[in-house]
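Visitor: Below you'll find the structure I mean.
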Amino acid sequence: MNNMANMFGKFSELQEKVEEAKQELAKLEVEAEAGGGMVKVKANGKRQILSIKLDKDVIDPEDAEMMEDLVVAGVNKALEKAEEAAQERMQETYKDILPGGGIPGMDLSKLGL
């Protein structure tokens, strides 16, 4: 019975830490570039785009397709970086609570993490 109470205590502690980490993810910012820095995109750890900066040289009314491609590439890179940073942060959150740093095969992204 004592083991069961201990397990529920750990679970409750994990829930609190996960909520704290989720709040911190909104503050976490990453930046990615495309086109050699002509497009810069910032995103947060919640995978939200915060800003897109375009170099004046990329704004060519005659070649909108190039700018569109660079923006898409920059956004994709920023979201990828945000995903990696969020996963690292969430792993830090549960590594000390769950034995062995987690449950093998458990994908926390299904829980919105």
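The chains in the structure tokens are called A, B, ... from first to last as shown; in each chain the residues are counted from 1, and the ligands are counted from 1 in the order shown.
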Give one line per residue of region 41-81 of chain A that approaches region 20-33 of chain A to at most 10 Å, naming the two atoms of the closest pair and their distance in Å to one decimal, counting only C-alpha atoms; sort by chain then ascending residue number and deliver it as CSV.

Guide:
```
residue,atom,partner,partner_atom,distance
A:Val41,CA,A:Ala32,CA,5.4
A:Lys42,CA,A:Glu31,CA,4.4
A:Ala43,CA,A:Val30,CA,5.5
A:Asn44,CA,A:Glu29,CA,4.4
A:Gly45,CA,A:Leu25,CA,4.3
A:Lys46,CA,A:Ala26,CA,5.5
A:Arg47,CA,A:Ala26,CA,8.6
A:Gln48,CA,A:Ala26,CA,8.5
A:Ile49,CA,A:Glu29,CA,9.6
A:Leu50,CA,A:Glu29,CA,8.5
A:Ser51,CA,A:Glu31,CA,9.3
A:Ile52,CA,A:Glu31,CA,9.6
A:Lys53,CA,A:Glu33,CA,9.5
A:Leu70,CA,A:Glu33,CA,8.9
A:Val71,CA,A:Glu33,CA,9.2
A:Ala73,CA,A:Glu33,CA,8.2
A:Gly74,CA,A:Glu33,CA,5.4
A:Val75,CA,A:Ala32,CA,7.6
A:Asn76,CA,A:Ala32,CA,8.7
A:Lys77,CA,A:Ala32,CA,5.7
A:Ala78,CA,A:Ala32,CA,4.8
A:Leu79,CA,A:Val30,CA,8.6
A:Glu80,CA,A:Ala32,CA,9.1
A:Lys81,CA,A:Val30,CA,6.5
```

Visitor: Taking the chain letters and numbering used in this document, name the residues of chain A that DSSP puts in strand (DSSP E or B), as an NGL selection string.

Guide: :A and (29-34 or 39-44 or 49-54)

Visitor: Given only C-alpha atoms as the basis, pick out the residue of A:Arg89, A:Lys10, A:Lys56, A:Lys17 nearest to Val39 (chain A).

Guide: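 Going through A:Arg89, A:Lys10, A:Lys56, A:Lys17 one by one, the smallest distance to Val39 (chain A) is for A:Lys56.
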
Visitor: What does the distance between CA of Glu13 (chain A) and CA of Ala85 (chain A) come to in Å, to one decimal place?

Guide: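 Those two atoms sit 22.2 Å apart.
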
Visitor: Pick out each residue of region 23-72 of chain A that DSSP on the backbone tags as alpha helix (DSSP H); I need them as a PyMOL selection string.

Guide: chain A and resi 23-27+64-72

Visitor: If you keep N, CA, C and O atoms, can you produce a file of those selected residues as a compact mmCIF listing (two decimals), in the first residue's frame?

Guide:
```
# COMPACT_ATOMS: atom_id res chain seq x y z
N GLN A 23 4.46 26.09 -19.16
CA GLN A 23 4.46 27.54 -19.07
C GLN A 23 5.81 28.11 -19.50
O GLN A 23 5.87 29.16 -20.15
N GLU A 24 6.88 27.41 -19.16
CA GLU A 24 8.22 27.86 -19.55
C GLU A 24 8.42 27.76 -21.06
O GLU A 24 9.16 28.55 -21.65
N LEU A 25 7.78 26.80 -21.70
CA LEU A 25 7.93 26.62 -23.14
C LEU A 25 7.44 27.85 -23.91
O LEU A 25 7.97 28.18 -24.97
N ALA A 26 6.45 28.52 -23.39
CA ALA A 26 5.94 29.73 -24.06
C ALA A 26 7.01 30.82 -24.06
O ALA A 26 7.03 31.68 -24.95
N LYS A 27 7.90 30.80 -23.06
CA LYS A 27 8.95 31.81 -22.95
C LYS A 27 10.21 31.44 -23.75
O LYS A 27 11.01 32.31 -24.08
N ALA A 64 8.02 36.59 -56.44
CA ALA A 64 7.33 36.29 -55.18
C ALA A 64 7.54 34.83 -54.78
O ALA A 64 7.59 34.51 -53.59
N GLU A 65 7.69 33.96 -55.77
CA GLU A 65 7.84 32.52 -55.49
C GLU A 65 9.09 32.25 -54.64
O GLU A 65 9.06 31.43 -53.72
N MET A 66 10.19 32.96 -54.94
CA MET A 66 11.41 32.75 -54.16
C MET A 66 11.18 33.16 -52.71
O MET A 66 11.55 32.45 -51.78
N MET A 67 10.54 34.29 -52.49
CA MET A 67 10.28 34.75 -51.13
C MET A 67 9.36 33.76 -50.41
O MET A 67 9.59 33.42 -49.25
N GLU A 68 8.35 33.28 -51.07
CA GLU A 68 7.45 32.30 -50.47
C GLU A 68 8.20 31.05 -50.05
O GLU A 68 8.01 30.53 -48.95
N ASP A 69 9.08 30.57 -50.94
CA ASP A 69 9.86 29.36 -50.63
C ASP A 69 10.78 29.59 -49.43
O ASP A 69 10.92 28.71 -48.57
N LEU A 70 11.42 30.77 -49.37
CA LEU A 70 12.32 31.07 -48.26
C LEU A 70 11.56 31.19 -46.94
O LEU A 70 12.04 30.75 -45.90
N VAL A 71 10.37 31.78 -46.99
CA VAL A 71 9.56 31.90 -45.77
C VAL A 71 9.14 30.51 -45.28
O VAL A 71 9.25 30.21 -44.09
N VAL A 72 8.70 29.67 -46.18
CA VAL A 72 8.32 28.31 -45.81
C VAL A 72 9.51 27.57 -45.20
O VAL A 72 9.39 26.92 -44.16
```

Visitor: Hey, can you check how far CA of Met38 (chain A) sits from CA of Glu83 (chain A)?

Guide: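 Going from CA of Met38 (chain A) over to CA of Glu83 (chain A), I get 22.6 Å.
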
Visitor: Between A:Leu14, A:Ala34, A:Leu54, A:Met4, which residue has the minimum interatomic distance to Thr93 (chain A), considering only C-alpha atoms?

Guide: A:Leu14
